[in-house]
Each structure stands twice: as C-alpha cells, then as structure tokens.
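**Student:** My structure is below; once you've seen it, I'll send some questions.
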Amino acid sequence: MAVELKMPALSPTMEEGKLARWLVKEGDEVRSGDIIAEIETDKATMEFEAVDEGRIGKLLVPEGAENVKVGTVIAMIEGEGESPAQPAEAPASAGDQGSAAEEQPAAQLQASESEAPKGKADSGTAQLASAAKPATDPALQPGSNMKSVTVREALRDAMAEEMRRDERVFVMGEEVAEYHGAYKVTQGLLEEFGPRRVIDTPITEYGFAGIGTGAAMGGLRPIVEFMTFNFAMQAIDHIINSAAKTNYMSGGQMRCPVVFRGPNGAAARVGAQHSQNYAPWYASVPGLVVIAPYDASDAKGLLKAAIRSEDPVVFLENELVYGRSFELPELDDHVLPIGKARVVREGRDVTIVSYSIGVGVALEAAGLLAAEGIEAEVLDLRTLRPLDRQAILDSLARTNRMVVAEEGFPVCSIASEVIAICMEQGFDDLDAPVLRVCNEDVPLPYAANLEKAALIDVARVVAAVKQVCYR
Amino acid sequence: MAKPAKSRTATEKAPAAPRKPRAKAPPKAPAQEPALPDNIVEPEGDFRLHSLQESHGKDRRASLGKDELLKLYEQMLLIRRFEEKAGQLYGLGLIGGFCHLYIGQEAVAVGLQSALEVGKDSVITGYRDHGHMLAYGIDPKVIMAELTGRESGISRGKGGSMHMFSVEHKFYGGHGIVGAQVPLGAGLAFAHKYREDGGVCVAYFGDGAANQGQVYESFNMASLWKLPIIFVIENNGYAMGTAVRRGSAETDFYRRGTAFRIPGMDVNGMDVLEVRQAAEIALDFVRGGNGPVLMEMNTYRYRGHSMSDPAKYRSREEVQEMREKHDPIERAKNELVAMGVAEEALKEVDKRIRAVVNEAADFAENSPEPPPAELYTDVLVERY
C-alpha cells in the first residue's frame with residue numbers, strides 16, 4: 001500500500017514551509033529514521049525523517065518550493081513490489097496554495113474550515129490571520145521608498161541599527177546568540193556584534209532580568225529578550241519593583257533604561273500556560289512604558305525609540321505576527337514617537353480600537369463592514385502606557401460609536417481602560433455604549449475547536465460594531 | 001546563637017598546600033583559568049573554592065596604622081550614633097514606615113568599603129542600608145532627611161529608609177525586596193566588565209535573603225561569566241524573627257557558592273580589621289578577572305529587625321553578651337588605646353560625631369516636606 005508523505009507541521013505556528021532540499025531521489029529505498037528532506041519552517045530548518053519503510057515513488061513537490069502548506073502531499077512511498085503510486089488527489093501547485101492562504105481573509109478561512117482538517121488541525125489562531133494592511137503612517141515623510149519586510153526582520157534591524165549606533169546597547173536572553181533566537185528575531189546579531197554584546201543566558205528569567213536591570217542602573221542599555229512573556233512571570237518582580245520604580249524612588253537620580261521584549265499573547269495550540277496577553281498587567285504600572293506594535297513599520301520605529309528611551313520599556317511582540325510582511329519605509333533612521341496611537345483605517349461611522357494582533361482582526365472586520373455600508377475607523381493604540389487618550393477621544397468625537405477589539409482576557413483589560421476613558425471624558429460624544437470584544441474569560445484551551453471558541457474573531461467584532469450602530 | 005563564636009576550621013587547618021604548577025592540574029580543570037594573584041595560595045587540585053579562606057586563615061587581620069584604624073573607628077561610630085538618632089526620631093514619629101537599624105553590624109560595611117574605591121567600585125544592598133551609605137561617605141544630612149521624608153532627602157523624600165541611592169558615589173540602593181539586590185548587583189558587575197572600567201561590585205544581602213532562588217541564579221551567571229562581584233552575606237543570626245538554624249539547611253553560608261565554583265570566605269564580621277583583610281584578599285581575586293567571591297560576615301544586630309520588632313525570639317542575655325564581649329566599636333577603641341591614642345582624643349572624636357549627627361537630625365527635622373507637585377515628577381524620565 002502506497003503511503004502519502006505530507007508536508008509536516010514542525011512548529012506550533014507553522015502553516016506552511018519551504019521544501020529546502022530533498023535528501024532522497026525517486027527510487028531510493030528508505031527505512032524508518034532516514035532523513036528524507038530538509039524543511040524550512042518559520043523558525044528553523046528542520047530535518048524530516050521517514051517513518052514508513054519502502055521505496056520513494058514520485059517526488060511531488062520540487063526542491064526549493066516555498067509556501068508549501070502543511071498537509072500537502074510532497075511524495076509517495078511505495079510498499080514492496082508496488083508500482084509507482086499516485087496521490088489520491090492532485091495537489092495544487094505549492095506556490096499557489098501558499099499565496100492563496102495568505103490572501104484569504106480570516107472570515108473566509110473560517111468558513112472553509114470543514115474542508116480543511118485533513119492536514120494540520122486548524123488552530124484557533126487562524127482566525128487571527130489578516131490580509132488587510134494598515135494605511136501608511138501619515139507621520140512618515142511622503143515619497144519615502146517603501147519595501148516589504150516581515151515584522152521579524154524589522155525587529156532585528158531595529159536592534160542591529162541601535163547596536164551600531166550606541167556601544168552601550170546589548171541583547172541578552174535565552175537562545176539569542178548561537179541559536180539565532182528561538183523565533184529567529186535575533187538572527188545574525190551574534191555574527192555582527194560578537195558574544196560580548198549578544199549574550200546567551202541560562203534558563204533563569206528571574207536572574208537575568210535582574211542582571212539586565214542592574215546593568216541598566218549601571219549605565220548600559222540592555223535589551224532583555226524573553227523567549228515569551230509567559231516566562232517573564234518569573235521575572236516580573238524585577239520589571240515592576242526594580243525597573244519601573246527606580247526613577248521615582250530615587251527622586252529622579254537613578255534611571256533604568258532597559259527594554260524587556262519578546263512575544264506576548266496567544267500562540268497556536270500551546271495551551272494555557274503559553275498563551276496569555278500581559279499587556280494589561282504591565283500597562284497598569286506607573287514607571288513603565290508599554291509598547292505593543294502591530295505592523296513592521298511600527299515594530300521597527302518603536303523598538304528603536306524604546307532602546308533610546310531613558311525609561312524602562314516593556315515591548316510586547318506577537319509570535320503570530322512575526323512572519324507577516326508589511327510596507328516599511330527605507331529610511332536611514334526610522335524612529336517613531338512613543339505614546340501616539342495611529343489611525344490605520346479611516347471611517348466615519350464607528351471606531352474600532354485595538355493593538356497588536358487585534359489590529360489585523362479589526363481591519364478585516366472593517367473590510368467586511370464596508371461591504372455592508374458601515375465605514376469603520378480603526379485606531380491602533382501602539383503604545384499602551386502612556387496611553388494616547390486624546391487620540392481615543394478624538395476618534396470617538398468623529399464617529400460617536402466605539403468597539404474595542406483585544407486578543408486577551410476581558411476583565412481588567414486595556415478595553416476596560418479605554419471604555420473608562422470614554423465614560424469619563426467622552427460621555428457627551430457617545431451615541432451608544434462602548435462594547436469590548438475580547439477572548440473568552442477562561443484559560444486558553446488546547447483543543448482546536450475550543451481554542452477557536454476562546455479567541456476573538458472577525459465575526460464577533462463585526463457583530464459588536466453592528467450592535468453599537470444599531471444595525 | 002552567635003555565629004562569631006563558631007569554630008573556625010580554617011585557622012586550624014594544616015599549612016596550605018604548596019603552589020602547584022598549572023600543567024599538572026587534573027583533566028577536569030576548566031580551561032584557561034586566569035592566574036591567581038600572588039598572595040593567593042593555589043589549592044590542591046583544580047578546585048579553588050577554599051583558596052581564599054586558606055589565605056585568609058594564614059593572616060586574618062589587616063595591620064593598619066593608628067591613623068587608618070582611627071578613620072575606621074570614626075566611621076563605625078558615625079553609623080552607631082546616626083542609627084541611635086534615627087531610632088530616637090522614629091520614636092518621636094518623625095520617621096515613618098519601616099526603619100531597619102544597622103547597630104552592631106558596623107564593622108562589616110566599614111571594613112569592606114574602606115577597601116573599595118568610591119566612584120569606581122559599586123555597592124548595592126537591601127533595606128538595611130543607612131550604614132552602607134555612611135560607610136561610602138554619603139552626607140548624613142541627606143540620608144536623615146530622607147528618613148524624615150523631606151524635600152532635601154537624597155531621594156527627595158520619595159524613597160524613604162529602604163530606597164536611597166547615590167549614583168555619584170556608585171551606591172545603587174537601597175532595595176526593599178529581599179534578595180533582589182543580588183542579581184541587580186550582578187548586573188552592575190556586568191556593566192563594570194562590559195565597560196572594562198576595572199570596577200568591582202559589592203552586593204550585600206542577609207542570611208534570610210540567602211535562601212532566595214534568585215540569589216543562586218545570580219551565582220550561576222556571575223561565575224559562568226566571571227563577573228567582578230563580591231557577594232557579601234551579612235549573617236546576623238536572624239531572618240527577621242527566624243533564627244538561622246530554623247530557616248537554613250546549610251548554616252555555613254560561605255559554602256553556598258560551592259555548587260557554582262565560587263570560593264567562599266568565613267569572616268568575623270565583628271572585627272573591622274578582619275573584615276578589611278578579607279576584603280583585600282577578595283578584591284585581589286576579583287580584580288584579577290577570576291570571577292566572584294562569596295563572603296560570609298558573621299555579625300549581630302543589637303536592635304530588632306525593624307523598629308516595630310520586639311525581638312522576643314532571642315534572649316536579653318544573648319544580646320547583652322554580644323554587646324559586651326564582641327562589640328566592634330569597643331574592640332577598635334581598645335586597640336586604639338593600646339596603640340597609644342589618648343582617651344581624650346577618642347572623646348573628642350565622639351563629641352565631633354555627635355555634633356555631625358545632631359546637625360543631620362536638625363537638618364532633617366527642619367527641611368520642608370516635598371511640594372505637592374513632586375507627587376507627579378520622576379515617574380518617567382522622558383515626556384511622551
């Protein structure tokens with residue numbers, strides 16, 4: 001019986017990958033454990049081993065093919081004495097499938113889910129996907145040459161540029177150097193800056209967060225990477241008690257210019273302990289700056305600003321957004337102001353406020369709403385502390401209706417804060433109560449269907465917008 | 001009780017092993033350990049954990065001249081009188097919150113910090129911080145004014161007893177979370193090494209903090225990266241109200257770096273000259289690029305953990321014995337007299353120090369409270 005070899009899922013977030021190299025050719029005998037191919041995931045190049053024994057039949061995806069969707073049949077293995085087998089269904093050409101998935105809006109992805117689960121079980125995070133792009137930042141110089149860059153590259157470039165500019169800047173964390181970053185964000189930094197400035201730490205968050213904080217007190221500019229912010233819980237004492245309070249407690253004498261950065265928020269199918277948005281936690285602490293960018297331009301411009309800031313900064317990235325590409329201006333020094341929200345889509349009927357990965361969901365929702373005659377403005381908060389209250393109130397004054405979309409728990413959330421601001425300072429501008437669309441108020445479950453039910457999605461944002469518009 | 005009375009195995013040991021040629025080190029030796037300073041005896045085998053203790057055992061006390069010892073005496077006396085005054089002002093309601101006095105432990109800060117270079121070497125400690133600040137030459141007036149929560153306090157009245165800093169002196173606090181200063185100190189040491197400025201960080205913590213996990217995370221990285229840091233455990237016998245033996249499985253704290261290849265030193269923290277000698281041995285080792293040293297300073301606090309602690313967990317007799325038989329200031333005084341310093345001269349010193357402390361107290365009482373606008377300043381450095 002012929003066996004189909006399918007593109008494997010080799011990381012929690014992997015939806016597709018590149019078939020970097022075939023290590024077998026048609027007709028080769030393989031045994032369990034033989035390495036068949038090298039596959040490049042969103043994080044690393046992995047070896048793909050045979051599980052079944054037999055002879056390699058047809059290689060269905062050519063070497064070098066990119067965007068091969070997980071579950072695509074890439075080759076056939078024939079049992080003993082079998083004739084060359086054909087796959088049960090002809091796979092679409094790899095490239096086509098990949099780009100199709102990328103351009104498919106989240107809502108459609110969801111609609112087609114019943115056909116999907118042949119390959120990888122669809123994660124709830126698929127509904128956080130977004131193809132809609134933010135409008136170009138009006139703050140950028142008009143006529144800037146734009147280039148498509150992933151958020152991952154933008155972050156890396158921000159660090160590299162600041163390290164070239166300021167000898168005091170260094171990066172430390174788990175696997176940041178020789179492994180090139182658990183999420184490849186620090187790729188290439190070790191090669192350029194060497195082990196003195198790109199420092200692998202043991203798995204000891206409390207300790208190295210304290211060392212980074214102390215180094216900042218001692219006059220350096222540390223970038224402390226947490227593999228994810230879930231692990232920063234071990235270190236939160238230093239972020240809050242040591243870093244955030246130093247300047248105040250010393251009467252302005254002792255500064256602590258450290259950046260704590262890393263992925264935050266839900267990842268795909270990793271369960272409750274690895275899936276949490278800590279933005280409201282840090283944003284509640286005076287003495288911290290908290291930034292949570294969405295697109296590549298903001299990721300780069302705000303990380304550079306964070307590294308230059310004299311204040312301790314918590315810089316919340318999102319693993320699911322690392323691989324997304326956005327237009328980034330080609331400027332010598334792309335630095336953006338901290339503390340300023342940005343209108344990423346204009347609209348007159350209602351405002352959707354969001355930040356981080358929620359911005360993509362909000363933009364998707366705005367696209368669907370436009371088709372129904374509702375023009376939604378989307379406001380990306382970008383900085384969560386200090387929060388740009390004026391931008392929230394200005395947008396409310398324009399549209400008189402507001403929904404907050406947040407990939408995080410609803411209770412004591414950023415959404416709660418935005419709503420409080422509208423109540424206290426924008427009450428006369430409100431034509432309807434502000435609604436929030438957040439994750440369900442439960443630890444994030446593992447099962448794919450429950451994960452879907454727990455996370456925000458476009459449909460919920462659309463429904464909330466219609467509600468505040470009385471439609 | 002009283003650790004200072006415990007047996008001192010190091011002094012009883014046979015003479016230290018002769019220096020061994022490096023090439024004969026067993027194969028387990030870590031690659032390329034830097035050469036030891038000349039005054040350090042190379043131990044048996046590859047493991048140098050006892051080397052400093054052995055060197056210290058050979059010659060426990062610094063031999064300082066009359067003038068130098070007099071300086072240390074003055075500093076200890078300043079801390080004693082300052083803390084007594086702080087206790088008094090607390091009783092009058094002029095100092096609020098927690099106030100942890102350093103009385104009894106003066107020889108530790110003074111002996112150690114007299115071996116440091118102010119402005120080059122950094123110091124960081126926990127909440128019992130007044131003594132370490134005074135020992136680093138920080139003005140008693142602004143410390144006392146911070147205790148009373150006044151505008152002229154070193155933290156403009158916004159830090160209080162536990163949160164004081166002087167970046168100018170490289171004194172980095174003053175930290176209220178037990179043990180937090182240990183990784184922060186390792187970070188300061190990291191900065192010294194990164195900048196190659198030749199500085200060493202001294203990070204103080206207590207026998208209570210020595211049981212915090214982050215201390216060992218710091219030991220590991222400090223040793224792994226050979227950071228220039230001296231970890232100083234001030235073992236005053238009690239973690240708040242918990243006697244060392246009730247809270248610690250290993251009560252010989254100087255051994256606690258062993259698992260991280262950090263050499264330990266067991267030091268009588270009630271003798272300023274012994275502390276000073278140990279500090280010099282440790283500093284030589286650390287400045288030589290050999291990585292951290294762990295010092296256990298066996299000491300005693302005469303007062304409660306804080307002002308509100310009735311100290312019912314120990315007997316009056318125990319405290320009395322330490323005061324009478326082991327007091328570091330009395331000891332230095334007796335030595336000065338033996339060296340030929342006139343009693344009259346010592347009385348003059350005492351008078352002068354009382355005047356300095358009274359002046360600090362007056363300053364602290366008469367300074368205005370911070371203006372209300374100070375509430376909102378210094379939350380962030382920049383405006384966004």
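To be explicit about the labels: the chains of the structure tokens are called A, B, and onward in the order shown, and within each one the residues are counted from 1, while ligands get numbers from 1 in the order they are shown.
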Neighbours of range 33-40 of chain A within 8 Å (only C-alpha atoms; same-chain residues fewer than 2 positions away dropped), as a list of chain:residue names?
**Tutor:**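 That gives A:Gly17, A:Lys18, A:Leu19, A:Ala20, A:Arg21, A:Trp22, A:Leu23, A:Val24, A:Val30, A:Arg31, A:Asp42, A:Lys43, A:Ala44, A:Thr45, A:Met46, A:Glu47, A:Phe48, A:Glu49, A:Ala50, A:Val51.
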**Student:** If we count only C-alpha atoms, which residues of chain A reach to within 6 Å of chain B? Please list them as a ChimeraX atom specification.
**Tutor:** /A:207,210-212,214-215,218,247-252,287,311,338-339
**Student:** Report the residues of range 120-294 of chain B whose backbone DSSP state falls under strand (DSSP E), written as a PyMOL selection string.
**Tutor:** chain B and resi 122-125+171-174+201-206+229-235+238-239+242-243+264-268+293-294
**Student:** Please measure the separation of CA of Val285 in chain A and CA of Gly96 in chain B, giving the value in Å to one decimal.
**Tutor:**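 Answer for the CA of Val285 in chain A to CA of Gly96 in chain B separation: 24.6 Å.
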**Student:** Can you pull out every residue from range 132-379 of chain B that DSSP, working from the backbone, puts in helix (DSSP H, G or I), and format the result as a PyMOL selection string?
**Tutor:** chain B and resi 132-134+140-147+181-195+209-211+213-224+244-247+253-260+272-287+316-326+328-338+343-366+372-376
**Student:** Could you please take those selected residues and save C-alpha atoms as a compact mmCIF listing (two decimals), in the first residue's frame?
**Tutor:**
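Wrote out.txt, looks like this:
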```txt
# COMPACT_ATOMS: atom_id res chain seq x y z
CA HIS B 132 26.43 51.17 53.85
CA MET B 133 25.70 54.70 52.68
CA LEU B 134 27.54 56.34 55.55
CA PRO B 140 24.43 62.07 56.76
CA LYS B 141 22.18 65.12 56.39
CA VAL B 142 20.53 63.99 53.16
CA ILE B 143 20.19 60.44 54.48
CA MET B 144 18.48 61.60 57.66
CA ALA B 145 16.28 64.00 55.68
CA GLU B 146 15.19 61.07 53.53
CA LEU B 147 14.25 59.18 56.67
CA GLN B 181 19.77 43.38 45.01
CA VAL B 182 21.77 40.23 44.25
CA PRO B 183 21.00 39.94 40.50
CA LEU B 184 20.94 43.72 40.28
CA GLY B 185 24.44 43.70 41.73
CA ALA B 186 25.46 41.06 39.22
CA GLY B 187 24.13 43.45 36.57
CA LEU B 188 26.28 46.26 37.94
CA ALA B 189 29.26 43.89 37.82
CA PHE B 190 28.27 43.00 34.28
CA ALA B 191 28.43 46.71 33.42
CA HIS B 192 31.89 47.02 35.01
CA LYS B 193 33.13 44.14 32.93
CA TYR B 194 31.39 45.34 29.75
CA ARG B 195 32.95 48.77 30.06
CA ALA B 209 17.91 36.62 51.52
CA ALA B 210 20.49 33.86 51.09
CA ASN B 211 17.59 31.42 50.77
CA GLY B 213 16.17 31.43 44.48
CA GLN B 214 17.32 34.45 42.52
CA VAL B 215 20.50 34.53 44.60
CA TYR B 216 21.54 31.20 43.11
CA GLU B 217 20.52 32.19 39.60
CA SER B 218 22.91 35.12 40.08
CA PHE B 219 25.68 32.92 41.49
CA ASN B 220 25.45 30.75 38.42
CA MET B 221 25.67 33.54 35.87
CA ALA B 222 28.23 35.55 37.82
CA SER B 223 30.53 32.54 37.98
CA LEU B 224 29.81 31.46 34.40
CA VAL B 244 19.34 30.83 61.01
CA ARG B 245 19.09 27.21 62.12
CA ARG B 246 15.30 27.30 61.71
CA GLY B 247 15.43 28.62 58.16
CA PHE B 253 26.72 30.38 54.24
CA TYR B 254 30.21 30.80 52.82
CA ARG B 255 29.87 27.26 51.45
CA ARG B 256 26.84 28.11 49.43
CA GLY B 257 28.78 29.14 46.35
CA THR B 258 30.44 25.73 46.10
CA ALA B 259 27.95 24.36 43.59
CA PHE B 260 28.75 27.32 41.34
CA VAL B 272 36.77 45.61 61.43
CA LEU B 273 40.39 44.62 60.81
CA GLU B 274 39.46 41.05 59.96
CA VAL B 275 36.78 42.30 57.57
CA ARG B 276 39.25 44.66 55.97
CA GLN B 277 41.85 41.95 55.48
CA ALA B 278 39.29 39.58 53.99
CA ALA B 279 38.06 42.34 51.70
CA GLU B 280 41.53 42.90 50.33
CA ILE B 281 42.04 39.21 49.60
CA ALA B 282 38.66 39.02 47.90
CA LEU B 283 39.25 42.20 45.90
CA ASP B 284 42.60 40.97 44.63
CA PHE B 285 40.97 37.80 43.44
CA VAL B 286 38.05 39.55 41.77
CA ARG B 287 40.09 42.33 40.20
CA ARG B 316 18.26 39.54 76.52
CA GLU B 317 21.33 37.65 77.68
CA GLU B 318 22.26 36.74 74.15
CA VAL B 319 22.12 40.36 73.03
CA GLN B 320 23.90 41.50 76.15
CA GLU B 321 26.73 39.07 75.63
CA MET B 322 27.29 40.26 72.07
CA ARG B 323 27.23 43.89 73.13
CA GLU B 324 29.66 43.35 75.97
CA LYS B 325 32.06 40.85 74.53
CA HIS B 326 32.01 41.31 70.76
CA PRO B 328 33.19 46.03 67.02
CA ILE B 329 33.45 49.64 68.12
CA GLU B 330 34.65 48.81 71.62
CA ARG B 331 37.17 46.45 70.15
CA ALA B 332 38.60 49.07 67.81
CA LYS B 333 38.62 51.57 70.64
CA ASN B 334 40.62 49.28 72.88
CA GLU B 335 43.09 48.66 70.11
CA LEU B 336 43.49 52.36 69.51
CA VAL B 337 44.16 52.91 73.17
CA ALA B 338 46.70 50.10 73.10
CA GLU B 343 41.32 58.58 75.76
CA GLU B 344 40.85 62.32 75.49
CA ALA B 345 41.35 62.19 71.74
CA LEU B 346 38.74 59.45 71.45
CA LYS B 347 36.31 61.53 73.48
CA GLU B 348 36.90 64.40 71.07
CA VAL B 349 36.02 62.09 68.19
CA ASP B 350 32.85 61.04 69.92
CA LYS B 351 31.91 64.66 70.53
CA ARG B 352 32.54 65.63 66.95
CA ILE B 353 30.43 62.75 65.66
CA ARG B 354 27.57 63.56 67.98
CA ALA B 355 27.67 67.08 66.57
CA VAL B 356 27.55 65.78 62.99
CA VAL B 357 24.60 63.55 63.81
CA ASN B 358 22.75 66.29 65.67
CA GLU B 359 23.27 68.59 62.75
CA ALA B 360 21.87 65.93 60.43
CA ALA B 361 18.84 65.48 62.68
CA ASP B 362 18.21 69.23 62.84
CA PHE B 363 18.50 69.47 59.10
CA ALA B 364 16.12 66.55 58.67
CA GLU B 365 13.56 67.96 61.09
CA ASN B 366 13.64 71.46 59.71
CA PRO B 372 2.68 68.59 46.30
CA ALA B 373 3.82 68.84 42.68
CA GLU B 374 6.58 66.33 43.47
CA LEU B 375 3.86 63.67 43.53
CA TYR B 376 3.89 63.60 39.74
```
**Student:** Tell me which of A:Glu16, A:Glu191, A:Glu63, A:Glu167 sits closest to Pro222 in chain A, counting only C-alpha atoms.
**Tutor:**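 Answer, going by the shortest atom-to-atom distance: A:Glu167.
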**Student:** What's the 6 Å shell around range 228-243 of chain B, counting only C-alpha atoms, without same-chain residues fewer than 4 positions away, as a compact mmCIF listing (two decimals) with C-alpha atoms, in the first residue's frame?
**Tutor:**
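And here's around-v8.txt as it stands now:
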```
# COMPACT_ATOMS: atom_id res chain seq x y z
CA ALA B 189 29.26 43.89 37.82
CA VAL B 200 34.05 45.67 41.32
CA CYS B 201 30.53 45.43 42.69
CA VAL B 202 29.91 44.58 46.33
CA ALA B 203 26.40 43.17 46.80
CA TYR B 204 25.24 42.80 50.39
CA PHE B 205 22.40 40.58 51.49
CA GLY B 206 21.35 38.85 54.66
CA ASP B 207 21.13 35.28 55.89
CA GLY B 208 17.42 35.46 55.10
CA VAL B 286 38.05 39.55 41.77
CA GLY B 291 35.07 35.88 38.90
CA PRO B 292 33.01 36.25 42.04
CA VAL B 293 33.77 35.63 45.70
CA LEU B 294 31.23 34.82 48.39
CA MET B 295 31.92 36.23 51.84
CA GLU B 296 30.02 35.31 54.93
CA MET B 297 30.21 38.06 57.53
CA ASN B 298 29.24 36.73 60.92
CA THR B 299 27.70 39.59 62.73
CA TYR B 300 24.85 40.55 65.02
CA ARG B 301 22.20 43.22 65.15
CA HIS B 305 14.64 43.53 62.70
```
**Student:** Using only C-alpha atoms, which of B:Ser161, B:Thr251, B:Asn268, B:Gln88 sits nearest Ala107 in chain B?
**Tutor:**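 Using only C-alpha atoms, Ala107 in chain B sits closest to B:Asn268.
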**Student:** I'd like the interatomic distance between CA of Ile419 in chain A and CA of Ala292 in chain A, to a tenth of an Å.
**Tutor:** 18.8 Å
**Student:** Just how far from CA of Ala296 in chain A is CA of Glu440 in chain A, in Å to one decimal?
**Tutor:** 28.1 Å
**Student:** Rank B:Arg314, B:Arg303, B:Arg61, B:Arg128 by their smallest atom-to-atom distance to Ile103 in chain B, using only C-alpha atoms, and report the top residue only.
**Tutor:** B:Arg303
**Student:** Hey, which of A:Val335, A:Ala244, A:Ala415, A:Leu316 ends up closest to Phe226 in chain A? Count only C-alpha atoms.
**Tutor:** A:Leu316
**Student:** Quick one: residues within 7 Å of range 431-439 of chain A, only C-alpha atoms, excluding same-chain residues fewer than 2 positions away - as a PyMOL selection string?
**Tutor:** chain A and resi 400-410+415+419+429+441+454-456+460-461+464+468
**Student:** For those residues, write N, CA and C atoms to a file as a PDB file, in the first residue's frame.
**Tutor:**
```pdb
ATOM      1  N   ASN A 400     -18.627  58.781  17.163  1.00  0.00           N
ATOM      2  CA  ASN A 400     -19.639  58.648  18.218  1.00  0.00           C
ATOM      3  C   ASN A 400     -19.964  57.212  18.631  1.00  0.00           C
ATOM      4  N   ARG A 401     -19.259  56.267  18.080  1.00  0.00           N
ATOM      5  CA  ARG A 401     -19.514  54.871  18.451  1.00  0.00           C
ATOM      6  C   ARG A 401     -18.161  54.147  18.514  1.00  0.00           C
ATOM      7  N   MET A 402     -18.071  53.200  19.446  1.00  0.00           N
ATOM      8  CA  MET A 402     -16.764  52.559  19.591  1.00  0.00           C
ATOM      9  C   MET A 402     -16.882  51.096  20.032  1.00  0.00           C
ATOM     10  N   VAL A 403     -15.982  50.291  19.456  1.00  0.00           N
ATOM     11  CA  VAL A 403     -15.809  48.897  19.883  1.00  0.00           C
ATOM     12  C   VAL A 403     -14.317  48.707  20.138  1.00  0.00           C
ATOM     13  N   VAL A 404     -13.977  48.006  21.211  1.00  0.00           N
ATOM     14  CA  VAL A 404     -12.563  47.709  21.458  1.00  0.00           C
ATOM     15  C   VAL A 404     -12.341  46.220  21.185  1.00  0.00           C
ATOM     16  N   ALA A 405     -11.398  45.919  20.318  1.00  0.00           N
ATOM     17  CA  ALA A 405     -11.085  44.522  19.990  1.00  0.00           C
ATOM     18  C   ALA A 405      -9.727  44.182  20.594  1.00  0.00           C
ATOM     19  N   GLU A 406      -9.675  43.169  21.448  1.00  0.00           N
ATOM     20  CA  GLU A 406      -8.451  42.869  22.187  1.00  0.00           C
ATOM     21  C   GLU A 406      -8.267  41.367  22.301  1.00  0.00           C
ATOM     22  N   GLU A 407      -7.104  40.890  21.831  1.00  0.00           N
ATOM     23  CA  GLU A 407      -6.793  39.466  21.994  1.00  0.00           C
ATOM     24  C   GLU A 407      -6.212  39.305  23.392  1.00  0.00           C
ATOM     25  N   GLY A 408      -7.130  39.102  24.362  1.00  0.00           N
ATOM     26  CA  GLY A 408      -6.719  38.984  25.754  1.00  0.00           C
ATOM     27  C   GLY A 408      -7.960  38.816  26.603  1.00  0.00           C
ATOM     28  N   PHE A 409      -7.739  38.590  27.888  1.00  0.00           N
ATOM     29  CA  PHE A 409      -8.889  38.421  28.776  1.00  0.00           C
ATOM     30  C   PHE A 409      -9.700  39.711  28.858  1.00  0.00           C
ATOM     31  N   PRO A 410     -11.000  39.601  29.078  1.00  0.00           N
ATOM     32  CA  PRO A 410     -11.819  40.826  29.114  1.00  0.00           C
ATOM     33  C   PRO A 410     -11.738  41.607  30.427  1.00  0.00           C
ATOM     34  N   ALA A 415      -9.160  47.127  27.123  1.00  0.00           N
ATOM     35  CA  ALA A 415     -10.512  47.528  26.716  1.00  0.00           C
ATOM     36  C   ALA A 415     -11.247  48.196  27.878  1.00  0.00           C
ATOM     37  N   ILE A 419     -12.714  52.003  27.713  1.00  0.00           N
ATOM     38  CA  ILE A 419     -14.126  52.282  27.982  1.00  0.00           C
ATOM     39  C   ILE A 419     -14.260  53.294  29.120  1.00  0.00           C
ATOM     40  N   ASP A 429     -20.023  62.494  23.699  1.00  0.00           N
ATOM     41  CA  ASP A 429     -19.840  62.097  22.295  1.00  0.00           C
ATOM     42  C   ASP A 429     -20.415  60.723  21.996  1.00  0.00           C
ATOM     43  N   ASP A 441     -13.403  34.488  28.891  1.00  0.00           N
ATOM     44  CA  ASP A 441     -12.798  34.650  30.214  1.00  0.00           C
ATOM     45  C   ASP A 441     -12.425  33.290  30.809  1.00  0.00           C
ATOM     46  N   ALA A 454     -12.464  30.284  22.071  1.00  0.00           N
ATOM     47  CA  ALA A 454     -11.975  31.171  23.122  1.00  0.00           C
ATOM     48  C   ALA A 454     -11.423  32.484  22.587  1.00  0.00           C
ATOM     49  N   LEU A 455     -10.866  32.438  21.376  1.00  0.00           N
ATOM     50  CA  LEU A 455     -10.172  33.630  20.853  1.00  0.00           C
ATOM     51  C   LEU A 455     -11.130  34.562  20.118  1.00  0.00           C
ATOM     52  N   ILE A 456     -10.756  35.828  20.067  1.00  0.00           N
ATOM     53  CA  ILE A 456     -11.567  36.773  19.296  1.00  0.00           C
ATOM     54  C   ILE A 456     -11.547  36.382  17.826  1.00  0.00           C
ATOM     55  N   ARG A 460     -17.110  38.252  15.524  1.00  0.00           N
ATOM     56  CA  ARG A 460     -17.537  38.857  16.790  1.00  0.00           C
ATOM     57  C   ARG A 460     -17.355  40.374  16.769  1.00  0.00           C
ATOM     58  N   VAL A 461     -16.284  40.800  16.120  1.00  0.00           N
ATOM     59  CA  VAL A 461     -16.058  42.244  16.022  1.00  0.00           C
ATOM     60  C   VAL A 461     -17.146  42.863  15.147  1.00  0.00           C
ATOM     61  N   ALA A 464     -20.375  43.122  17.068  1.00  0.00           N
ATOM     62  CA  ALA A 464     -20.363  44.188  18.081  1.00  0.00           C
ATOM     63  C   ALA A 464     -20.512  45.557  17.423  1.00  0.00           C
ATOM     64  N   VAL A 468     -23.404  48.430  18.119  1.00  0.00           N
ATOM     65  CA  VAL A 468     -23.273  49.836  18.536  1.00  0.00           C
ATOM     66  C   VAL A 468     -23.821  50.784  17.469  1.00  0.00           C
TER      67      VAL A 468
END
```
